[in-house]
Each structure stands twice: as structure tokens, then as C-alpha cells.
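**Student:** Quick one, upload-v2.csv (CSV, C-alpha atoms):
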```csv
chain,number,residue,atom,x,y,z
S,1,MET,CA,77.9,140.0,131.5
S,2,PRO,CA,74.6,138.4,132.6
S,3,LYS,CA,72.3,140.4,134.8
S,4,ASP,CA,72.4,137.9,137.6
S,5,GLU,CA,76.2,138.3,137.8
S,6,LEU,CA,76.4,142.1,137.3
S,7,ILE,CA,73.8,143.2,139.9
S,8,PRO,CA,75.5,141.3,142.8
S,9,LEU,CA,78.8,142.8,141.7
S,10,ILE,CA,77.4,146.3,141.8
S,11,MET,CA,76.0,145.7,145.3
S,12,ARG,CA,79.3,144.3,146.5
S,13,GLN,CA,81.1,147.4,145.1
S,14,LEU,CA,78.5,149.7,146.8
S,15,GLN,CA,79.1,148.0,150.1
S,16,PHE,CA,82.9,148.4,149.7
S,17,TYR,CA,82.4,152.2,149.3
S,18,GLY,CA,80.2,152.2,152.4
S,19,HIS,CA,76.9,152.7,150.5
S,20,THR,CA,75.1,149.8,152.1
S,21,GLU,CA,71.7,151.5,152.0
S,22,SER,CA,72.1,152.0,148.2
S,23,ALA,CA,73.0,148.3,147.9
S,24,ARG,CA,69.8,147.4,149.8
S,25,HIS,CA,67.6,149.7,147.6
S,26,LEU,CA,69.1,148.1,144.5
S,27,ALA,CA,68.4,144.6,146.0
S,28,GLU,CA,64.7,145.6,146.6
S,29,GLU,CA,64.3,147.1,143.1
S,30,SER,CA,66.0,144.2,141.3
S,31,GLY,CA,64.7,141.4,143.4
S,32,PHE,CA,68.1,140.1,144.2
S,33,SER,CA,69.4,139.3,147.7
S,34,VAL,CA,72.1,141.5,149.1
S,35,PRO,CA,75.3,139.4,148.7
S,36,TYR,CA,77.5,138.7,151.7
S,37,GLY,CA,80.7,140.7,151.9
S,38,ALA,CA,82.0,143.8,150.2
S,39,SER,CA,84.3,143.5,147.2
S,40,THR,CA,86.2,145.6,144.6
S,41,ARG,CA,85.8,143.0,141.9
S,42,LEU,CA,83.6,145.3,139.7
S,43,ALA,CA,86.2,148.1,139.8
S,44,GLU,CA,88.9,145.6,138.9
S,45,LEU,CA,86.9,144.4,135.9
S,46,ALA,CA,86.3,148.0,134.8
S,47,ASN,CA,90.0,148.7,135.2
S,48,ALA,CA,91.0,145.7,133.2
S,49,GLY,CA,88.6,146.5,130.4
S,50,SER,CA,89.6,150.2,129.9
S,51,ASP,CA,91.0,151.0,126.5
S,52,THR,CA,92.7,154.3,127.2
S,53,LYS,CA,95.4,155.5,129.6
S,54,ASP,CA,93.1,158.1,131.1
S,55,ALA,CA,90.4,155.6,131.7
S,56,GLU,CA,92.9,153.2,133.3
S,57,GLU,CA,94.1,155.9,135.7
S,58,GLU,CA,90.6,156.8,136.6
S,59,ASP,CA,89.7,153.2,137.4
S,60,GLU,CA,92.9,152.6,139.4
S,61,GLU,CA,91.8,155.3,141.8
S,62,LEU,CA,88.8,153.1,142.6
S,63,VAL,CA,90.9,150.0,143.4
S,64,PRO,CA,92.9,150.2,146.6
S,65,VAL,CA,96.1,148.4,146.2
S,66,GLY,CA,96.2,145.4,148.6
S,67,ASN,CA,92.5,144.5,148.3
S,68,ILE,CA,92.8,142.8,144.9
S,69,ALA,CA,94.3,139.5,146.2
S,70,GLU,CA,91.8,139.4,149.0
S,71,ASP,CA,88.8,139.9,146.8
S,72,ASP,CA,90.1,137.2,144.4
S,73,GLU,CA,89.9,134.9,147.4
S,74,GLU,CA,86.4,136.0,148.2
S,75,GLU,CA,85.2,135.2,144.7
S,76,ASP,CA,85.3,131.5,145.3
S,77,LEU,CA,85.2,130.7,149.0
S,78,GLU,CA,84.9,127.0,148.4
S,79,THR,CA,88.2,126.6,146.6
S,80,SER,CA,90.4,129.3,148.1
S,81,GLY,CA,92.2,129.6,151.5
S,82,LEU,CA,93.3,126.8,153.9
S,83,ALA,CA,92.8,123.3,152.7
S,84,ILE,CA,93.6,120.2,154.8
S,85,ASP,CA,93.9,116.9,153.1
S,86,THR,CA,93.3,114.3,155.9
S,87,ASN,CA,94.2,111.5,153.5
S,88,LEU,CA,97.7,112.8,153.0
S,89,LYS,CA,99.7,111.4,155.8
S,90,THR,CA,103.0,113.2,155.3
S,91,PRO,CA,102.6,116.6,153.6
S,92,GLU,CA,105.8,118.1,152.3
S,93,PRO,CA,107.2,120.4,155.0
S,94,ARG,CA,107.3,124.1,154.3
S,95,PRO,CA,110.5,126.1,154.9
S,96,PRO,CA,110.4,128.1,158.1
S,97,PRO,CA,109.7,131.8,157.6
S,98,ASN,CA,112.6,134.0,158.5
S,99,TYR,CA,110.8,136.7,160.6
S,100,THR,CA,112.7,139.7,161.9
S,101,THR,CA,111.6,142.9,163.7
S,102,TRP,CA,111.2,145.8,161.2
S,103,TYR,CA,109.7,148.3,163.6
S,104,SER,CA,109.0,148.8,167.3
S,105,THR,CA,107.1,151.4,169.2
S,106,GLN,CA,106.1,151.8,172.9
S,107,HIS,CA,103.0,152.7,174.9
S,108,ARG,CA,103.1,154.0,178.5
S,109,ALA,CA,101.7,150.8,179.9
S,110,ALA,CA,101.2,147.2,178.6
S,111,ALA,CA,100.3,146.9,174.9
S,112,ARG,CA,97.2,144.7,174.8
S,113,CYS,CA,95.8,144.5,171.2
S,114,ALA,CA,96.2,145.4,167.6
S,115,ALA,CA,94.3,145.5,164.3
S,116,PHE,CA,95.0,146.1,160.6
S,117,THR,CA,92.8,147.9,158.1
S,118,ILE,CA,91.4,145.5,155.4
S,119,ASP,CA,94.0,146.6,152.9
S,120,GLY,CA,96.9,146.3,155.4
S,121,LYS,CA,97.9,150.0,155.0
S,122,TYR,CA,97.3,151.1,158.5
S,123,LEU,CA,97.7,149.5,162.0
S,124,ALA,CA,96.1,150.4,165.3
S,125,THR,CA,97.4,149.3,168.7
S,126,GLY,CA,95.7,149.6,172.1
S,127,SER,CA,97.2,149.8,175.6
S,128,ARG,CA,96.4,149.4,179.3
S,129,ASP,CA,97.1,153.1,179.6
S,130,SER,CA,93.8,153.6,177.5
S,131,SER,CA,95.6,155.1,174.5
S,132,ILE,CA,95.4,154.0,170.9
S,133,LYS,CA,98.1,154.5,168.3
S,134,ILE,CA,97.5,154.7,164.5
S,135,ILE,CA,100.5,153.5,162.5
S,136,ASP,CA,101.3,154.0,158.8
S,137,VAL,CA,102.5,150.5,157.6
S,138,GLY,CA,103.8,152.1,154.4
S,139,ARG,CA,106.2,154.2,156.4
S,140,ILE,CA,107.4,151.1,158.3
S,141,LYS,CA,108.2,149.4,155.0
S,142,SER,CA,109.9,152.4,153.5
S,143,ASN,CA,111.9,153.1,156.6
S,144,HIS,CA,113.2,149.5,156.6
S,145,ARG,CA,113.9,149.5,152.9
S,146,ASP,CA,115.7,152.8,152.8
S,147,ASN,CA,117.2,152.6,156.3
S,148,VAL,CA,115.7,155.9,157.4
S,149,GLU,CA,113.6,157.0,160.4
S,150,ASP,CA,110.3,158.6,159.3
S,151,LYS,CA,107.8,158.7,162.1
S,152,ALA,CA,105.4,155.8,161.6
S,153,VAL,CA,102.9,156.7,164.4
S,154,ILE,CA,100.6,159.3,162.7
S,155,ARG,CA,98.0,159.8,165.5
S,156,THR,CA,97.4,158.9,169.1
S,157,LEU,CA,93.8,158.7,170.3
S,158,TYR,CA,92.6,159.3,173.9
S,159,ASP,CA,89.0,158.8,174.9
S,160,HIS,CA,88.7,155.7,177.1
S,161,ILE,CA,89.2,155.8,180.9
S,162,GLY,CA,90.1,152.1,181.2
S,163,PRO,CA,92.4,149.6,179.5
S,164,ILE,CA,91.7,148.9,175.8
S,165,ASN,CA,90.7,145.2,175.2
S,166,GLU,CA,90.3,145.1,171.4
S,167,LEU,CA,90.4,147.2,168.3
S,168,GLN,CA,88.6,146.6,164.9
S,169,PHE,CA,88.6,148.7,161.8
S,170,HIS,CA,85.4,149.3,159.9
S,171,PRO,CA,85.4,147.5,156.5
S,172,ASN,CA,85.7,150.9,154.8
S,173,GLY,CA,88.9,151.6,156.6
S,174,LEU,CA,87.9,155.1,157.7
S,175,VAL,CA,86.5,154.3,161.1
S,176,LEU,CA,88.2,152.6,164.1
S,177,ALA,CA,86.2,150.9,166.9
S,178,SER,CA,87.6,150.2,170.3
S,179,CYS,CA,86.3,148.4,173.4
S,180,SER,CA,87.4,148.8,177.0
S,181,GLU,CA,87.2,147.8,180.6
S,182,ASP,CA,85.3,151.1,181.0
S,183,HIS,CA,82.1,149.4,179.7
S,184,THR,CA,82.1,151.3,176.4
S,185,ILE,CA,82.7,150.8,172.6
S,186,LYS,CA,83.9,153.9,170.9
S,187,PHE,CA,84.1,155.0,167.2
S,188,TYR,CA,86.8,157.2,165.8
S,189,ASP,CA,86.7,159.0,162.4
S,190,LEU,CA,90.2,158.6,160.9
S,191,GLN,CA,89.5,161.2,158.2
S,192,LYS,CA,89.5,163.9,160.9
S,193,SER,CA,92.2,165.0,163.2
S,194,ALA,CA,90.1,164.7,166.4
S,195,LYS,CA,91.6,162.6,169.1
S,196,ARG,CA,88.2,161.9,170.6
S,197,SER,CA,85.5,159.5,169.4
S,198,PHE,CA,82.5,160.8,167.5
S,199,LYS,CA,80.1,158.0,168.8
S,200,TYR,CA,80.0,155.5,171.6
S,201,LEU,CA,77.9,152.6,172.8
S,202,GLN,CA,77.5,152.1,176.6
S,203,ASP,CA,77.3,148.7,178.2
S,204,SER,CA,76.7,147.6,181.8
S,205,TYR,CA,79.8,145.3,181.7
S,206,PRO,CA,83.4,145.6,180.6
S,207,VAL,CA,83.6,144.9,176.9
S,208,ARG,CA,86.1,142.2,176.0
S,209,SER,CA,85.8,141.7,172.3
S,210,ILE,CA,84.2,143.3,169.2
S,211,SER,CA,83.9,142.4,165.5
S,212,PHE,CA,82.3,144.3,162.5
S,213,HIS,CA,79.9,142.6,160.1
S,214,PRO,CA,81.5,142.8,156.6
S,215,CYS,CA,78.6,145.2,155.4
S,216,GLY,CA,79.8,147.6,158.1
S,217,GLU,CA,76.3,148.2,159.5
S,218,PHE,CA,76.5,145.9,162.5
S,219,LEU,CA,79.0,145.3,165.3
S,220,LEU,CA,79.2,142.1,167.4
S,221,SER,CA,80.4,142.5,171.0
S,222,GLY,CA,81.2,140.1,173.9
S,223,THR,CA,81.3,141.3,177.5
S,224,GLU,CA,81.6,139.9,181.0
S,225,HIS,CA,77.8,139.2,180.7
S,226,ASP,CA,76.7,135.8,179.4
S,227,ALA,CA,74.8,137.1,176.3
S,228,VAL,CA,76.5,138.4,173.1
S,229,ARG,CA,75.3,141.7,171.7
S,230,MET,CA,74.7,142.7,168.1
S,231,TYR,CA,74.4,146.5,167.5
S,232,ASP,CA,72.9,148.3,164.7
S,233,ILE,CA,75.6,151.0,164.4
S,234,GLN,CA,73.4,153.6,162.9
S,235,THR,CA,70.6,153.4,165.4
S,236,SER,CA,72.6,152.0,168.4
S,237,LYS,CA,69.9,149.4,168.8
S,238,CYS,CA,71.1,146.3,170.6
S,239,PHE,CA,70.1,142.7,169.8
S,240,THR,CA,70.8,139.5,171.8
S,241,PRO,CA,70.1,135.8,170.8
S,242,PRO,CA,66.3,135.2,170.9
S,243,ASN,CA,66.6,132.0,172.9
S,244,PRO,CA,67.8,132.2,176.5
S,245,SER,CA,69.0,128.6,176.3
S,246,ASP,CA,71.7,129.9,173.8
S,247,PHE,CA,73.1,132.2,176.5
S,248,HIS,CA,76.1,131.1,178.5
S,249,SER,CA,77.0,130.8,182.2
S,250,ALA,CA,80.3,132.6,181.9
S,251,PRO,CA,81.8,135.8,180.3
S,252,ILE,CA,82.5,135.9,176.6
S,253,ASN,CA,86.2,136.2,175.8
S,254,CYS,CA,86.1,136.6,172.0
S,255,VAL,CA,83.6,137.2,169.2
S,256,ARG,CA,84.2,136.9,165.5
S,257,LEU,CA,82.0,137.4,162.4
S,258,GLY,CA,82.8,135.3,159.4
S,259,ILE,CA,80.5,133.0,157.4
S,260,LEU,CA,78.7,132.5,160.7
S,261,LEU,CA,79.1,134.1,164.1
S,262,GLU,CA,81.5,132.6,166.6
S,263,TYR,CA,81.9,133.1,170.3
S,264,SER,CA,84.3,131.7,172.9
S,265,PHE,CA,83.6,131.6,176.6
S,266,ASP,CA,85.2,131.4,180.0
S,267,ASP,CA,83.4,128.1,180.6
S,268,GLY,CA,85.6,126.4,177.9
S,269,SER,CA,83.1,126.1,175.1
S,270,ILE,CA,82.9,127.5,171.5
S,271,LYS,CA,79.6,128.3,170.0
S,272,VAL,CA,78.8,129.0,166.3
S,273,TYR,CA,75.6,130.9,165.6
S,274,ASP,CA,73.6,131.5,162.5
S,275,GLY,CA,73.9,135.2,161.6
S,276,VAL,CA,70.3,135.6,160.4
S,277,SER,CA,68.3,133.7,163.0
S,278,GLY,CA,70.7,134.3,165.9
S,279,ARG,CA,70.4,130.6,166.9
S,280,CYS,CA,73.3,128.4,168.0
S,281,VAL,CA,73.9,125.9,165.2
S,282,GLN,CA,77.1,124.3,166.5
S,283,MET,CA,78.9,123.9,169.8
S,284,PHE,CA,82.3,122.5,170.8
S,285,ALA,CA,81.8,121.8,174.5
S,286,LYS,CA,85.0,121.7,176.6
S,287,ALA,CA,86.9,122.6,173.5
S,288,HIS,CA,90.1,123.1,175.5
S,289,SER,CA,89.6,120.3,178.0
S,290,GLY,CA,87.3,122.5,180.0
S,291,GLN,CA,89.7,125.4,180.3
S,292,PRO,CA,88.7,128.9,179.2
S,293,VAL,CA,89.0,129.6,175.5
S,294,SER,CA,91.2,132.6,174.9
S,295,SER,CA,90.6,133.5,171.3
S,296,ILE,CA,89.2,132.2,168.0
S,297,ARG,CA,89.6,132.8,164.3
S,298,PHE,CA,87.8,131.6,161.1
S,299,SER,CA,89.8,130.6,158.1
S,300,LYS,CA,89.1,132.8,155.0
S,301,ASN,CA,86.9,130.2,153.4
S,302,GLY,CA,85.0,129.6,156.6
S,303,LYS,CA,85.7,125.9,156.6
S,304,TYR,CA,88.0,125.9,159.6
S,305,LEU,CA,88.1,127.4,163.1
S,306,LEU,CA,91.3,128.1,165.0
S,307,SER,CA,91.3,128.5,168.7
S,308,ASN,CA,93.6,128.7,171.7
S,309,GLY,CA,92.9,128.3,175.4
S,310,LEU,CA,94.4,128.0,178.9
S,311,ASP,CA,95.2,124.3,178.3
S,312,SER,CA,98.4,125.6,176.5
S,313,LEU,CA,97.2,124.3,173.1
S,314,GLY,CA,96.1,125.8,169.8
S,315,ARG,CA,93.5,123.7,168.1
S,316,LEU,CA,92.3,123.5,164.4
S,317,TRP,CA,88.7,122.5,163.9
S,318,ASP,CA,86.9,121.3,160.8
S,319,LEU,CA,83.5,122.9,161.0
S,320,GLY,CA,81.9,120.7,158.3
S,321,ALA,CA,83.1,117.5,159.9
S,322,GLN,CA,82.6,119.0,163.4
S,323,LYS,CA,85.9,117.6,164.6
S,324,GLN,CA,89.4,118.6,165.7
S,325,LEU,CA,92.0,118.1,163.0
S,326,HIS,CA,95.2,118.7,165.0
S,327,THR,CA,96.8,120.7,167.8
S,328,PHE,CA,99.6,123.2,168.0
S,329,GLU,CA,101.8,122.3,171.0
S,330,GLY,CA,104.9,123.6,172.7
S,331,VAL,CA,103.8,126.8,174.5
S,332,THR,CA,102.6,127.4,178.0
S,333,GLN,CA,99.3,129.3,178.4
S,334,LYS,CA,97.8,128.7,181.8
S,335,LYS,CA,97.2,132.0,183.5
S,336,HIS,CA,96.8,134.7,180.9
S,337,PHE,CA,94.6,135.2,177.9
S,338,SER,CA,96.4,135.8,174.6
S,339,THR,CA,95.5,135.5,170.9
S,340,VAL,CA,96.2,133.0,168.2
S,341,ALA,CA,96.4,133.9,164.5
S,342,PHE,CA,96.8,132.5,161.0
S,343,THR,CA,99.4,134.2,158.8
S,344,SER,CA,97.8,136.0,155.8
S,345,ASN,CA,98.3,133.0,153.5
S,346,GLU,CA,97.1,130.7,156.3
S,347,ASP,CA,100.2,128.5,155.8
S,348,TYR,CA,101.2,129.1,159.4
S,349,VAL,CA,99.8,129.6,162.9
S,350,LEU,CA,101.2,132.0,165.4
S,351,MET,CA,100.9,131.9,169.2
S,352,SER,CA,102.9,133.1,172.2
S,353,ASP,CA,104.4,131.4,175.3
S,354,GLU,CA,103.8,133.1,178.6
S,355,GLN,CA,106.9,131.5,180.3
S,356,THR,CA,109.6,132.6,177.8
S,357,SER,CA,107.8,135.5,176.1
S,358,SER,CA,108.6,133.8,172.8
S,359,ILE,CA,106.4,133.6,169.7
S,360,PHE,CA,106.0,130.2,168.1
S,361,CYS,CA,105.1,129.4,164.5
S,362,TRP,CA,103.6,126.1,163.3
S,363,ASP,CA,102.7,124.6,159.9
S,364,SER,CA,98.9,125.0,159.8
S,365,ARG,CA,98.4,121.7,157.8
S,366,THR,CA,100.3,119.4,160.1
S,367,GLY,CA,100.6,121.1,163.5
S,368,ASN,CA,104.4,120.7,163.3
S,369,LEU,CA,106.5,123.5,164.9
S,370,SER,CA,108.2,125.5,162.1
S,371,THR,CA,110.2,128.2,164.0
S,372,GLU,CA,110.4,130.0,167.3
S,373,LEU,CA,111.1,133.7,167.9
S,374,ARG,CA,112.8,133.2,171.3
S,375,HIS,CA,112.6,135.7,174.1
S,376,SER,CA,110.8,138.2,171.8
S,377,TYR,CA,109.8,140.4,174.8
S,378,ASN,CA,110.8,141.0,178.4
S,379,ASN,CA,107.3,140.2,179.6
S,380,LEU,CA,104.1,138.5,178.5
S,381,VAL,CA,103.1,138.7,174.8
S,382,ARG,CA,99.3,139.5,174.9
S,383,SER,CA,98.4,139.7,171.2
S,384,VAL,CA,99.6,138.4,167.8
S,385,VAL,CA,97.8,139.8,164.8
S,386,SER,CA,98.6,139.1,161.1
S,387,SER,CA,98.5,141.5,158.2
S,388,PRO,CA,95.7,140.7,155.9
S,389,ASN,CA,97.7,140.8,152.7
S,390,ASP,CA,101.4,140.1,153.3
S,391,ALA,CA,103.7,138.0,155.5
S,392,ALA,CA,103.9,140.6,158.3
S,393,PHE,CA,102.4,140.4,161.8
S,394,VAL,CA,102.3,142.6,164.8
S,395,SER,CA,102.8,141.6,168.5
S,396,CYS,CA,101.9,143.4,171.7
S,397,GLY,CA,103.5,142.8,175.1
S,398,ASP,CA,103.3,143.7,178.8
S,399,ASP,CA,106.7,145.3,178.5
S,400,TYR,CA,104.8,148.2,176.8
S,401,ARG,CA,106.3,147.4,173.3
S,402,VAL,CA,104.6,146.8,170.0
S,403,LYS,CA,106.7,145.0,167.3
S,404,TYR,CA,106.1,144.8,163.6
S,405,TRP,CA,107.6,141.6,162.1
S,406,ASN,CA,108.1,140.7,158.5
S,407,VAL,CA,110.0,138.1,156.4
S,408,GLU,CA,113.5,139.0,155.1
S,409,LEU,CA,113.6,137.9,151.5
```
Can you turn what I pasted into C-alpha cells?
**Tutor:**
Amino acid sequence: MPKDELIPLIMRQLQFYGHTESARHLAEESGFSVPYGASTRLAELANAGSDTKDAEEEDEELVPVGNIAEDDEEEDLETSGLAIDTNLKTPEPRPPPNYTTWYSTQHRAAARCAAFTIDGKYLATGSRDSSIKIIDVGRIKSNHRDNVEDKAVIRTLYDHIGPINELQFHPNGLVLASCSEDHTIKFYDLQKSAKRSFKYLQDSYPVRSISFHPCGEFLLSGTEHDAVRMYDIQTSKCFTPPNPSDFHSAPINCVRLGILLEYSFDDGSIKVYDGVSGRCVQMFAKAHSGQPVSSIRFSKNGKYLLSNGLDSLGRLWDLGAQKQLHTFEGVTQKKHFSTVAFTSNEDYVLMSDEQTSSIFCWDSRTGNLSTELRHSYNNLVRSVVSSPNDAAFVSCGDDYRVKYWNVEL
């Protein structure tokens, strides 16, 4: 393998193991730039090239099952992931997915948010009661398959004094970050049995949203202030956009790190920032007819942006063409913020209805409604989050319940 291919693979593998400083040192010594995003591709190649059974077993320990498909997608961002052919007027309709509830658990107050680890093996849920539950997805699947009841909640964390607004797992899967109305961001070491955080970041405002950089060294946060924050996790140093004109006149509802940085605001706009310069490079003003934007998601290849807002619409945007492709209609979202999500294969879009507490599913290519999970909850559905590597998703509701959904084959 040529040097210019091998060195970046080594650095990506080091980032995946959490050795970001080592990756930086290698970049300095070799003269290469640190590549964007961690990957297990090197371990996969080593595993595939092993000649003996012992060597194969040793390599398999390096490759977490569930990351392989995702890393294959990362290998060629330009050709993988969601693709919309605007010249194709009538795409062949996809069969509606047959979602059923595989598992349900309950908090002591409204369930507000959820997050999966990058390999989809674990799930965290956060509540208005300030608690966080860690759930073993493997146990959910085995319980469903074998019709048994093995406890899936493996830990409950308590360290906030206000409602949990969002959860995010570190790219290494060993640390969970949470943000809250109590003005803090907290970090939990999941390798230890402690129920309290080992580190926290203090803000002057309630923290609404957080997102890790793929290298794991930085965390983006959005608060009820008009300037986004970028934290160096090791030093706790905080950065804001250098140009005050890039600030906003309203609180920040959602932040996401992808190919670029992405923020949504109460004033109804979506801004896309360059992750290096911190400057705004693209803006969708009044993206939801001037109504607040509730949440945002990048497609895996970074070409598309998915958003929902209090105009009761989901919208899919083409970032390259800087235009809206189509809308996802049929739900009512006028009073309460909730999330929108792609399914793991990005074939479908998921969003909830605040009037009926139902979850709707649309074809992502056409915007056509595919199926509806009617009356899924007894109260508002706050959050819908997809598994990163299979057909499952999790939903959180104001009736205190968390539900894990999957497709019956």
C-alpha cells in the first residue's frame, strides 16, 4: 500500500481508539494532514489479510462489530449515503417498514432525549426528572428473539439538578455527555460504576444541544444565548465565532457537527459554519416560514440537510445547490419542539405529531408518507432517534415512556 494511503489510515485508526494526540504527532512527523473522522478501516484490512486463525482472532478484537458498514460509507462520502435524483420524476415507491415495539422502559417524569453509541450497542435516554438511563441494545434484541425478560437498563446516572435536554456519546463509546437546563454539560465515564460525572462544563445559560467532533477532542454546544460555543474538552477552553455578525438574535435550539457545523435558531434560520475558520458559509433564512427551527440533521455524505420546525413541516435541503428539495407533510408541530431523524440507511424520515402522539414515516427521496405508527404514546413524543447501523429507532415521550422500535422480518 502506498505511503500516502497508509499514513492517513493509521491516523484514522488512532483516532478511533481515542489516541488523537498520537495521530497529531504522526501528522507532524510525516507531513500529512490529520484526516477528518475516525475509522476502523486499517483494522479491517489487517483482519482480512491474516493468514492464521490466531491472527484472525486477534484482529477481530480490534474491530467492533457494527462499525464496519459505517466505515465503508465513510470511505467514499461522495458516492455513499442518500442520493436524490431530481430528474427522476416518479421514483419506484419503497415498501413501508413494518415497525413494532420491541422494548419499553419508563422514567419518573417526561422522557426528553436519547442517543446511541456509534456502534449501536448501547443507548442512553434522558428525562425531565434529571436522570439518565444506559440501556444494553443487545439485551433488547435477545429478549425479543428468545421471548425472555433480561434487564436491559444496566445503569442509571444522577448528577444534574435540572431536566436533561440532550445526550451525546463520545466517538470512542466510553464517555457520555449530557446537557441540561441547570446550565451545565457533564461527562460520565461508562467504564466505571460511578453514577456521577467525572467532569463538567459550566455555562451562564441553559444548554439546549451538544455535539461531539468526530475526533473526540471538541464539543459544540448551543444555549439560550445567541452565540454557539466550541469547547476543547481537555482544557475546558471555550471558543465562539470570531465575527459578532455571525451571532444570532435568538437562542440556539440545535447544533450538529458533520462535514461542516450546523446550527438552528429560535428566529427561524439555519446557519452552516466552516469548522476551521468558524465563519458562517451558508444560511437558510426563514427556513420554516419564519417559525423556530426545532432540530437539524446532516445526511451521512454531508450533501443534504434535514430539518423540522414549528410550521409543522420537515424539510430536506440540498447544500450544494442551496435549495429545498421537498417537504414532509402531515403532522402538527406548532407549540412544542421535537426532533426529526433519518433512518440508518437514510431511506426514510421519522417525525412525530403533537396532536395524536403518532410517529410518521416518509420516503426520504420523494417526501411521500410511507407509514404511520398511530397513537404511539399517551402524550407528546419529544424525540425520535435512529440506530446508526440497523433499522431500529428509539422514541421518548411526555408520558414518561421510552420505546425501542424495530422492523419485524
**Student:** Within 10 Å of segment 252-257 of chain S, counting only C-alpha atoms, which residues show up once you throw out same-chain ones fewer than 4 positions away? Write them as a PyMOL selection string, please.
**Tutor:** chain S and resi 166+207-214+219-229+248+261-267+269-273+275+292-298+337+339
**Student:** Within 7 Å of Asn389 of chain S, counting all atoms listed in the file, which residues qualify if same-chain residues fewer than 2 places away don't, as a PDB file with C-alpha atoms, in the frame of the given file?
**Tutor:**
```pdb
ATOM      1  CA  GLY S  66      96.200 145.400 148.600  1.00  0.00           C
ATOM      2  CA  ASP S 119      94.000 146.600 152.900  1.00  0.00           C
ATOM      3  CA  GLY S 120      96.900 146.300 155.400  1.00  0.00           C
ATOM      4  CA  SER S 344      97.800 136.000 155.800  1.00  0.00           C
ATOM      5  CA  SER S 387      98.500 141.500 158.200  1.00  0.00           C
TER       6      SER S 387
END
```
**Student:** Please determine, counting only C-alpha atoms, which residue among S:Val385, S:Cys280, S:Ala391, S:Cys179 has the shortest atom-to-atom distance to Lys403 of chain S.
**Tutor:**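 Smallest distance to Lys403 of chain S is found for S:Val385.
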**Student:** Once you count only C-alpha atoms, which residues end up no further than 12 Å from (111.0, 142.8, 158.8) in the file's frame, shown as a list in words?
**Tutor:**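 Taken together, the residues in range are Pro97, Asn98, Tyr99, Thr100, Thr101, Trp102, Tyr103, Ser104, Val137, Ile140, Lys141, Ser142, Asn143, His144, Arg145, Asn147, Asp390, Ala391, Ala392, Phe393, Val394, Lys403, Tyr404, Trp405, Asn406, Val407, Glu408 and Leu409 of chain S.
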**Student:** When you count all atoms listed in the file, which of these residues is closest to His326 of chain S: S:Glu346, S:Asp363, S:Asp311, S:Asp150?
**Tutor:** S:Asp363
**Student:** Could you give me, as a PyMOL selection string, the residues that have an atom at most 10 Å away from the point (106.7, 121.0, 167.7) in the coordinates of the file, using all atoms listed in the file?
**Tutor:** chain S and resi 327-331+360-363+367-372
